[in-house]
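*Asks:* Just dropping this structure here.
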Amino acid sequence: MFFKEWPVLLVDDEPDVLAVSKLAMKNFAVYGLPLKIYTAASKADAIRLLNDNAEVACSLAVAFLDVVMENDKAGLELCDYIRNDTGNKLTQIFIRTGQPGLAPEREVVDKYDINGYFTKVEATEDKLYSLVKSAVRQYLSSGMALATVELLNNLMAAGGARQKVLYAVSSVGGLSADQTDTPRWLIVEDQVLFSEEVDGQKGLSLRDKLRTLPTVPLNPFGDNYVRGEDGYQMIEVAKSATKSATSYLFKTCFTPPEHIVNLMHSFVTGLAIAWRQSKEDE
Amino acid sequence: MIFRSSQIIRDKEQGENNKMRILLISSSYNGLCQRAHVELDNLGHDISITLALSADDVRRAVALFQPNLILCPFLKEKIPEDVYKKHQCIILHPGIKGDRGPSSLDWAIMNGETEWGATALQAVEEMDAGDIWATQNFPMRLASKASHYRREVTQAAIKGMLETVQRIEDRDFTPEPLDYSKPEVRGQLRPLVKQKGRAINWSTDSVETIVRKINAGDSAPGVLDTINGEDFYLYGVHEESQMRGWKPGEIIAKRHGAICRAAVDGAVWISHLRRKNIDKLPFYKRVLSRKHSPLDFKLPATMVLGEALNEVPESPIDPLYMGAEKTFKEIWYEEVNQVGYLHFDFHNGAMSTEQCQRLLESYRLAVKRPTKVVVLMGGTDFWSNGVHLNFIEAAESPADESWRNINAIDDVVYEITTTHSHLTVSGVWGGAGAGGAMMPLAADYVWAREGCIMNPHYKTMGLYGSEYWTYLLPRRVGPGRALELTEIPLPIGMKKAMAIGMIDEILPDDYTEFQQQLRGKAEALANSPDYETLLAQKRKRRASDDASKPLAAYRAAELQHMRMNFYGKFYGGEISYHEARYNFVHKVRPKETAAYLAKHLRLDISRFAELRQPLTY
């Protein structure tokens with residue numbers, strides 16, 4: 001949700017293929033954000049990059065891997081490395097081969113955890129366009145779904161202790177060094193959480209400003225989503241017998257699609273319930 | 001009011017049998033305070049800790065905990081008068097009998113004392129002038145203040161503390177008033193050492209004097225000096241026996257982050273520098289201002305000086321250095337009777353990416369030698385403290401550097417875990433923390449010094465942790481204990497570590513005896529008739545462990561969590577680690593004593609896990 005661009009990795013031992021693909025993808029945009037293209041000329045090169053660069057290792061949206069590089073299966077081994085050695089199940093991996101005879105489609109799909117297979121002949125700019133676009137969408141959806149489940153799990157595991165609830169959501173409400181462009185506030189019952197780190201007053205006045213704008217109802221019980229200017233958005237869960245009034249106010253570089261808003265709504269609802277049910281420590 | 005032990009005992013008897021309520025007041029939860037905590041806890045006393053953040057904090061802790069005894073293992077602040085007048089307060093002072101003042105060890109090193117000590121004193125109005133409960137002396141070494149503090153002072157102070165506690169329990173001891181007319185009272189009141197008194201005169205000071213001066217101010221405050229017209233504090237001094245320069249003070253070589261400077265009669269290595277005098281911003285202000293301030297914390301010298309050293313030649317050193325000459329070396333190796341000893345003495349036990357890579361290279365060379373056992377010796381003060389937080393903080397992208405560093409240290413742990421050619425031993429003399437406390441578990445045997453303190457947890461840094469801890473720790477202590485050790489960020493003493501199976505042997509606290517026994521045991525292992533059987537058993541176990549879950553899977557799962565710690569993007573990513581690291585590196589004091597230490601806050605122990613988040617600053 002707080003992406004400014006989509007990291008994409010191209011691995012191929014032919015410099016021309018890398019250059020042409022890079023050129024073709026230069027102007028692709030998904031949800032209005034550009035791609036950030038990383039390239040590697042071999043499996044070893046790619047592994048070096050994965051070990052060296054936290055963005056590639058941690059937030060890679062899409063990878064296109066050539067098969068035959070250092071050996072006949074280097075690309076497949078790289079896929080295995082990404083999935084199993086680094087534990088990354090989210091990146092959308094496509095196998096792109098010039099010698100389908102060496103890595104037949106069915107065999108590869110059966111054996112490796114990939115998201116697609118195509119030959120270099122099939123790799124037209126349009127094909128790349130549609131693949132990148134759908135892959136980033138898929139990456140964002142899966143990533144958000146998993147992150148939401150994890151947050152809800154942590155809120156459940158907090159077992160009614162306020163400190164633990166706070167800890168569970170500290171990653172959402174806080175502010176980190178590379179994210180000053182995308183600030184976030186969690187406001188529960190008019191109290192800005194982690195307000196020491198961020199300007200709590202600014203959060204409250206932004207909330208009041210957003211409340212004057214037209215809202216999108218998220219359910220029949222008063223929860224709503226509102227989108228303001230400059231990328232500021234807010235999801236509000238209304239106070240009820242089981243929920244505390246909770247607002248999640250944030251700024252993103254792109255407009256999230258409806259199903260992502262719904263995922264975030266589930267998280268805010270989870271927090272509203274966990275907060276209502278939790279007690280302060282004596 | 002004069003305290004006598006009988007009085008304390010009366011208070012004590014109102015409590016449980018043989019159990020005192022002891023409050024530790026400390027400026028920080030440092031190594032000595034941790035050791036005091038562990039030792040008193042072993043004796044069954046009820047311990048609570050408060051940091052001396054303000055007089056009111058101390059008063060509040062005393063009022064809530066109602067201690068029978070207050071001990072101050074490391075205190076720079078003054079105890080409020082109403083506290084020491086109403087309660088028995090003992091100060092552990094890093095000096096001999098009669099020594100007083102805030103710079104005890106600094107003076108001892110600068111004056112070239114051959115013997116020094118630690119003394120347990122009654123707290124009174126006049127600083128360090130109270131009655132003496134116990135005192136312990138030790139011979140001085142050629143080492144830094146911090147090194148003496150971590151080794152000799154800690155050992156002597158703990159001995160003195162335990163003696164004092166025993167004397168208080170025994171009821172019949174009257175502490176000795178400070179009397180300078182007695183011949184054995186050799187100490188005196190000494191002022192704070194100022195930078196003026198520490199300053200190096202490069203044109204006249206000999207190597208020996210320079211080493212003494214830097215040692216006396218290491219690790220704090222450092223010796224202020226000028227390099228290329230800029231002011232820096234100097235740390236980490238090592239004598240150089242081969243190289244010479246023409247102009248004293250001039251930088252004549254560099255090696256692994258350290259710089260070598262010429263002196264009138266030789267040369268010295270200086271491993272770390274800190275730039276002088278730059279404003280300290282709170283973390284959130286720094287984030288909001290997005291100002292890239294110059295690095296004003298302790299870092300390897302070459303990193304601080306950067307391009308100014310372009311012309312200075314690199315002085316290479318063998319990755320498996322076996323020489324005896326005096327020089328700057330982080331990794332060295334010895335070999336005796338089929339046992340190889342690999343030392344890795346990194347400053348403060350922190351291991352950067354590059355240091356891990358070098359250690360990996362040296363380790364690979366060590367296991368290619370025709371030996372049977374490899375002993376991982378760690379450093380003189382610390383075995384290891386895991387990733388290099390200062391280095392990460394200084395990196396252009398701390399997230400990238402964190403990622404590289406954790407992977408590099410994982411590679412080392414992997415190599416040790418999968419060594420099939422040798423039996424491996426971790427010979428743990430110095431303390432170990434975070435990943436550095438998991439790493440020794442990669443060896444087949446862990447033999448640790450009795451007084452060693454380990455902190456096998458990552459939570460205070462807001463991290464999940466890697467170093468294959470999810471394999472190594474439960475393998476030794478079981479899943480329940482592994483959870484306890486990692487979720488409640490408390491230090492563990494070796495008696496407990498041994499009882500739960502985290503280590504295999506306890507070795508003596510005395511340095512010489514430790515070395516003798518360690519080497520004796522390692523040689524016995526290498527020459528054991530069971531050697532081949534033990535090696536075969538180890539290979540078999542590794543193979544069967546790998547069949548049930550490969551090491552790669554453990555690492556992948558750990559890194560998955562670390563990824564969120566470093567670089568999560570879906571819901572924004574964690575702030576805890578980046579903030580905790582900033583505060584650690586910039587030595588920002590917490591606003592409150594962590595609840596897992598401050599028992600007086602009377603929390604339900606069963607809910608301790610709630611409090612595992614990093615401190616609020």
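Ordered as shown in the structure tokens, chains take letters A, B, and onward, while each chain numbers its residues from 1 and ligands are numbered from 1 in the order shown.
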Among the residues of range 368-415 of chain B, find those DSSP assigns to alpha helix (DSSP H) from the backbone and print them as a list of chain:residue names.

*Replies:*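 Residues meeting the alpha helix (DSSP H) criterion: B:Leu389, B:Asn390, B:Phe391, B:Ile392, B:Glu393, B:Ala394, B:Pro398, B:Ala399, B:Asp400, B:Glu401, B:Ser402, B:Trp403, B:Arg404, B:Asn405, B:Ile406, B:Asn407, B:Ala408, B:Ile409, B:Asp410, B:Asp411, B:Val412, B:Val413, B:Tyr414, B:Glu415.
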
*Asks:* Please list as a PDB file with N, CA and C atoms, in the first residue's frame every residue within 8 Å of range 183-198 of chain B, counting only C-alpha atoms and excluding residues in the same chain fewer than 4 positions away.

*Replies:*
```
ATOM      1  N   GLY B  95      37.068   0.925  42.347  1.00  0.00           N
ATOM      2  CA  GLY B  95      38.346   1.439  42.826  1.00  0.00           C
ATOM      3  C   GLY B  95      38.768   0.711  44.083  1.00  0.00           C
ATOM      4  N   ILE B  96      40.048   0.938  44.465  1.00  0.00           N
ATOM      5  CA  ILE B  96      40.561   0.292  45.674  1.00  0.00           C
ATOM      6  C   ILE B  96      40.036   1.033  46.901  1.00  0.00           C
ATOM      7  N   LYS B  97      40.322   0.493  48.050  1.00  0.00           N
ATOM      8  CA  LYS B  97      39.943   1.101  49.326  1.00  0.00           C
ATOM      9  C   LYS B  97      40.448   2.535  49.388  1.00  0.00           C
ATOM     10  N   GLY B  98      39.575   3.446  49.672  1.00  0.00           N
ATOM     11  CA  GLY B  98      39.979   4.840  49.812  1.00  0.00           C
ATOM     12  C   GLY B  98      39.890   5.635  48.528  1.00  0.00           C
ATOM     13  N   ASP B  99      39.779   4.937  47.394  1.00  0.00           N
ATOM     14  CA  ASP B  99      39.666   5.645  46.116  1.00  0.00           C
ATOM     15  C   ASP B  99      38.279   6.277  46.027  1.00  0.00           C
ATOM     16  N   ARG B 100      38.236   7.525  45.572  1.00  0.00           N
ATOM     17  CA  ARG B 100      36.956   8.217  45.434  1.00  0.00           C
ATOM     18  C   ARG B 100      36.967   9.061  44.172  1.00  0.00           C
ATOM     19  N   GLY B 101      35.780   9.297  43.639  1.00  0.00           N
ATOM     20  CA  GLY B 101      35.682  10.169  42.479  1.00  0.00           C
ATOM     21  C   GLY B 101      35.140   9.455  41.263  1.00  0.00           C
ATOM     22  N   PRO B 102      34.808  10.253  40.231  1.00  0.00           N
ATOM     23  CA  PRO B 102      34.096   9.696  39.074  1.00  0.00           C
ATOM     24  C   PRO B 102      35.005   9.064  38.017  1.00  0.00           C
ATOM     25  N   SER B 103      36.327   9.178  38.156  1.00  0.00           N
ATOM     26  CA  SER B 103      37.199   8.673  37.086  1.00  0.00           C
ATOM     27  C   SER B 103      38.198   7.644  37.608  1.00  0.00           C
ATOM     28  N   SER B 104      37.750   6.753  38.491  1.00  0.00           N
ATOM     29  CA  SER B 104      38.660   5.822  39.161  1.00  0.00           C
ATOM     30  C   SER B 104      39.556   5.042  38.212  1.00  0.00           C
ATOM     31  N   ASP B 106      40.036   5.421  35.018  1.00  0.00           N
ATOM     32  CA  ASP B 106      40.804   6.283  34.118  1.00  0.00           C
ATOM     33  C   ASP B 106      42.147   6.629  34.772  1.00  0.00           C
ATOM     34  N   TRP B 107      42.073   7.025  36.058  1.00  0.00           N
ATOM     35  CA  TRP B 107      43.299   7.381  36.778  1.00  0.00           C
ATOM     36  C   TRP B 107      44.208   6.168  36.945  1.00  0.00           C
ATOM     37  N   ASP B 179      39.307   5.362  56.663  1.00  0.00           N
ATOM     38  CA  ASP B 179      40.301   6.014  57.513  1.00  0.00           C
ATOM     39  C   ASP B 179      41.615   6.080  56.746  1.00  0.00           C
ATOM     40  N   LYS B 213      46.932   6.471  27.385  1.00  0.00           N
ATOM     41  CA  LYS B 213      45.949   7.557  27.360  1.00  0.00           C
ATOM     42  C   LYS B 213      44.657   7.124  26.658  1.00  0.00           C
ATOM     43  N   ILE B 214      44.797   6.467  25.530  1.00  0.00           N
ATOM     44  CA  ILE B 214      43.573   6.068  24.803  1.00  0.00           C
ATOM     45  C   ILE B 214      42.848   4.980  25.589  1.00  0.00           C
ATOM     46  N   GLY B 217      40.512   6.186  28.307  1.00  0.00           N
ATOM     47  CA  GLY B 217      39.244   6.834  27.947  1.00  0.00           C
ATOM     48  C   GLY B 217      38.362   5.967  27.075  1.00  0.00           C
ATOM     49  N   VAL B 223      39.496   9.894  23.642  1.00  0.00           N
ATOM     50  CA  VAL B 223      40.494  10.963  23.726  1.00  0.00           C
ATOM     51  C   VAL B 223      40.285  11.895  22.546  1.00  0.00           C
ATOM     52  N   LEU B 224      40.076  13.181  22.860  1.00  0.00           N
ATOM     53  CA  LEU B 224      39.828  14.157  21.808  1.00  0.00           C
ATOM     54  C   LEU B 224      41.147  14.495  21.106  1.00  0.00           C
TER      55      LEU B 224
END
```

*Asks:* Can you tell me how far CA of Asp225 in chain B sits from CA of Leu273 in chain B, in Å to one decimal?

*Replies:*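 Interatomic distance, CA of Asp225 in chain B to CA of Leu273 in chain B: 9.8 Å.
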
*Asks:* Applying 8 Å and only C-alpha atoms, which residues near range 382-388 of chain B remain after dropping the ones on its own chain fewer than 6 positions away? List them as a PyMOL selection string.

*Replies:* chain B and resi 344-346+348-353+402+405-406+409+428-437

*Asks:* Could you give me, as a compact mmCIF listing (two decimals) with C-alpha atoms, in the first residue's frame, each residue of range 30-119 of chain B that DSSP assigns to strand (DSSP E) when run on this structure's backbone?

*Replies:*
```
# COMPACT_ATOMS: atom_id res chain seq x y z
CA ASP B 46 13.65 -11.05 45.20
CA ILE B 47 15.14 -8.53 42.77
CA SER B 48 13.75 -5.44 41.16
CA ILE B 49 15.65 -2.92 39.07
CA THR B 50 15.19 0.75 38.47
CA LEU B 51 17.24 2.97 36.23
CA LEU B 69 18.62 -3.68 50.69
CA ILE B 70 19.51 -1.34 47.84
CA LEU B 71 22.52 -2.12 45.65
CA CYS B 72 23.95 0.24 43.06
CA CYS B 89 22.29 1.46 50.25
CA ILE B 90 25.47 -0.15 48.98
CA ILE B 91 27.46 1.34 46.10
CA LEU B 92 29.82 -0.82 44.05
CA HIS B 93 32.75 1.46 43.30
CA GLU B 115 46.96 -3.39 41.10
CA TRP B 116 43.47 -1.99 41.33
CA GLY B 117 40.19 -3.07 42.88
CA ALA B 118 36.48 -2.77 43.44
CA THR B 119 34.88 -1.80 46.72
```

*Asks:* Counting only C-alpha atoms, which of A:Pro15, A:Pro256, A:Gly75, A:Gly270 gets nearest to Leu140 in chain A?

*Replies:*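 That would be A:Pro256, the residue with the smallest distance to Leu140 in chain A.
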
*Asks:* Return the single residue from A:Met1, A:Ala274, A:Leu35, A:Thr124 that is closest to Ala158 in chain A, with distances computed using only C-alpha atoms.

*Replies:*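 Closest to Ala158 in chain A, using only C-alpha atoms: A:Ala274.
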
*Asks:* Quick one: residues within 7 Å of range 107-114 of chain A, only C-alpha atoms counted, chain neighbours fewer than 4 positions away excluded, as a PyMOL selection string?

*Replies:* chain A and resi 80+93-94+103

*Asks:* Excluding range 53-62 of chain A and its own-chain neighbours fewer than 4 positions away, which residues fall within 6 Å of it when counting only C-alpha atoms? Please give them as a PyMOL selection string.

*Replies:* (chain A and resi 7-8+49+91-93+136+139) or (chain B and resi 400+403+563)

*Asks:* Take the residues that were just selected and, keeping C-alpha atoms, output them as an mmCIF file, in the first residue's frame.

*Replies:*
```cif
data_model
loop_
_atom_site.group_PDB
_atom_site.id
_atom_site.type_symbol
_atom_site.label_atom_id
_atom_site.label_comp_id
_atom_site.auth_asym_id
_atom_site.auth_seq_id
_atom_site.Cartn_x
_atom_site.Cartn_y
_atom_site.Cartn_z
ATOM 1 C CA PRO A 7 10.211 -3.294 -8.127
ATOM 2 C CA VAL A 8 10.600 -5.673 -11.080
ATOM 3 C CA LEU A 49 21.348 -8.657 -5.868
ATOM 4 C CA THR A 91 6.766 -12.275 -5.935
ATOM 5 C CA GLN A 92 5.094 -13.144 -9.241
ATOM 6 C CA ILE A 93 7.663 -15.238 -11.087
ATOM 7 C CA VAL A 136 1.478 -6.413 -9.921
ATOM 8 C CA TYR A 139 1.143 -9.265 -5.957
ATOM 9 C CA ASP B 400 19.771 -2.725 2.755
ATOM 10 C CA TRP B 403 19.639 -7.265 5.113
ATOM 11 C CA ARG B 563 11.837 -8.696 5.902
#
```

*Asks:* Nearest residue to Thr269 in chain A out of A:Gly203, A:Asp230, A:Leu152, A:Leu249, using only C-alpha atoms?

*Replies:*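 Among the listed residues, the smallest separation from Thr269 in chain A belongs to A:Leu152.
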
*Asks:* Identify which of the residues A:Asn153, A:Ser240, A:Asn84, A:Ser247 lies closest to chain B, counting only C-alpha atoms when measuring atom-to-atom distances.

*Replies:* A:Asn84

*Asks:* I'd like the contact shell of His259 in chain A - 10 Å cut-off, only C-alpha atoms, skipping same-chain residues fewer than 6 positions apart - returned as a compact mmCIF listing (two decimals) with N, CA and C atoms, in the first residue's frame.

*Replies:*
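Saved file selection_28.txt follows:
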```txt
# COMPACT_ATOMS: atom_id res chain seq x y z
N SER A 141 -2.58 -7.70 -4.19
CA SER A 141 -3.73 -8.34 -3.53
C SER A 141 -3.27 -9.41 -2.54
N MET A 144 -1.40 -7.81 0.43
CA MET A 144 -2.29 -7.13 1.37
C MET A 144 -3.12 -8.14 2.15
N ALA A 145 -3.57 -9.20 1.47
CA ALA A 145 -4.39 -10.20 2.14
C ALA A 145 -3.58 -10.87 3.25
N HIS A 265 -10.29 -2.25 5.62
CA HIS A 265 -11.45 -2.10 6.49
C HIS A 265 -11.53 -3.25 7.50
```

*Asks:* Would you list the contacts of Leu441 in chain B as an mmCIF file with N, CA and C atoms, in the first residue's frame, taking every protein, DNA or RNA residue within 9 Å and counting only C-alpha atoms, but skipping same-chain residues closer than 6 positions in sequence?

*Replies:*
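Full text of around-v1.cif as output:
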```cif
data_model
loop_
_atom_site.group_PDB
_atom_site.id
_atom_site.type_symbol
_atom_site.label_atom_id
_atom_site.label_comp_id
_atom_site.auth_asym_id
_atom_site.auth_seq_id
_atom_site.Cartn_x
_atom_site.Cartn_y
_atom_site.Cartn_z
ATOM 1 N N VAL B 413 27.012 -18.792 10.417
ATOM 2 C CA VAL B 413 26.355 -19.780 11.273
ATOM 3 C C VAL B 413 26.093 -21.067 10.488
ATOM 4 N N THR B 417 27.431 -24.775 11.417
ATOM 5 C CA THR B 417 26.459 -25.843 11.647
ATOM 6 C C THR B 417 26.710 -27.039 10.748
ATOM 7 N N SER B 426 32.352 -24.000 20.887
ATOM 8 C CA SER B 426 32.345 -22.569 21.161
ATOM 9 C C SER B 426 32.927 -22.387 22.546
ATOM 10 N N TRP B 469 18.247 -19.273 14.585
ATOM 11 C CA TRP B 469 17.929 -19.494 15.996
ATOM 12 C C TRP B 469 16.715 -20.402 16.160
ATOM 13 N N LEU B 472 18.530 -23.731 16.108
ATOM 14 C CA LEU B 472 19.583 -23.969 17.095
ATOM 15 C C LEU B 472 19.094 -23.928 18.538
ATOM 16 N N LEU B 473 18.225 -22.972 18.845
ATOM 17 C CA LEU B 473 17.822 -22.813 20.238
ATOM 18 C C LEU B 473 16.880 -23.929 20.706
ATOM 19 N N ARG B 476 18.402 -27.282 21.469
ATOM 20 C CA ARG B 476 19.106 -27.459 22.733
ATOM 21 C C ARG B 476 18.177 -27.363 23.948
ATOM 22 N N MET B 502 21.305 -25.203 27.393
ATOM 23 C CA MET B 502 21.739 -24.262 26.366
ATOM 24 C C MET B 502 23.255 -24.344 26.160
ATOM 25 N N ILE B 503 23.995 -24.638 27.238
ATOM 26 C CA ILE B 503 25.435 -24.864 27.104
ATOM 27 C C ILE B 503 25.756 -26.245 27.690
#
```

*Asks:* Name the closest residue to chain B among the candidates A:Tyr81, A:Phe254, A:Tyr31, A:Tyr38; distances are taken between atoms, counting only C-alpha atoms.

*Replies:*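 Looking only at the distances to chain B, the closest residue turns out to be A:Tyr81.
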
*Asks:* Pick the closest to Leu485 in chain B from B:Thr135, B:Thr371, B:Thr154, B:Thr470: which is it, counting only C-alpha atoms?

*Replies:*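 Selected residue with least distance to Leu485 in chain B: B:Thr470.
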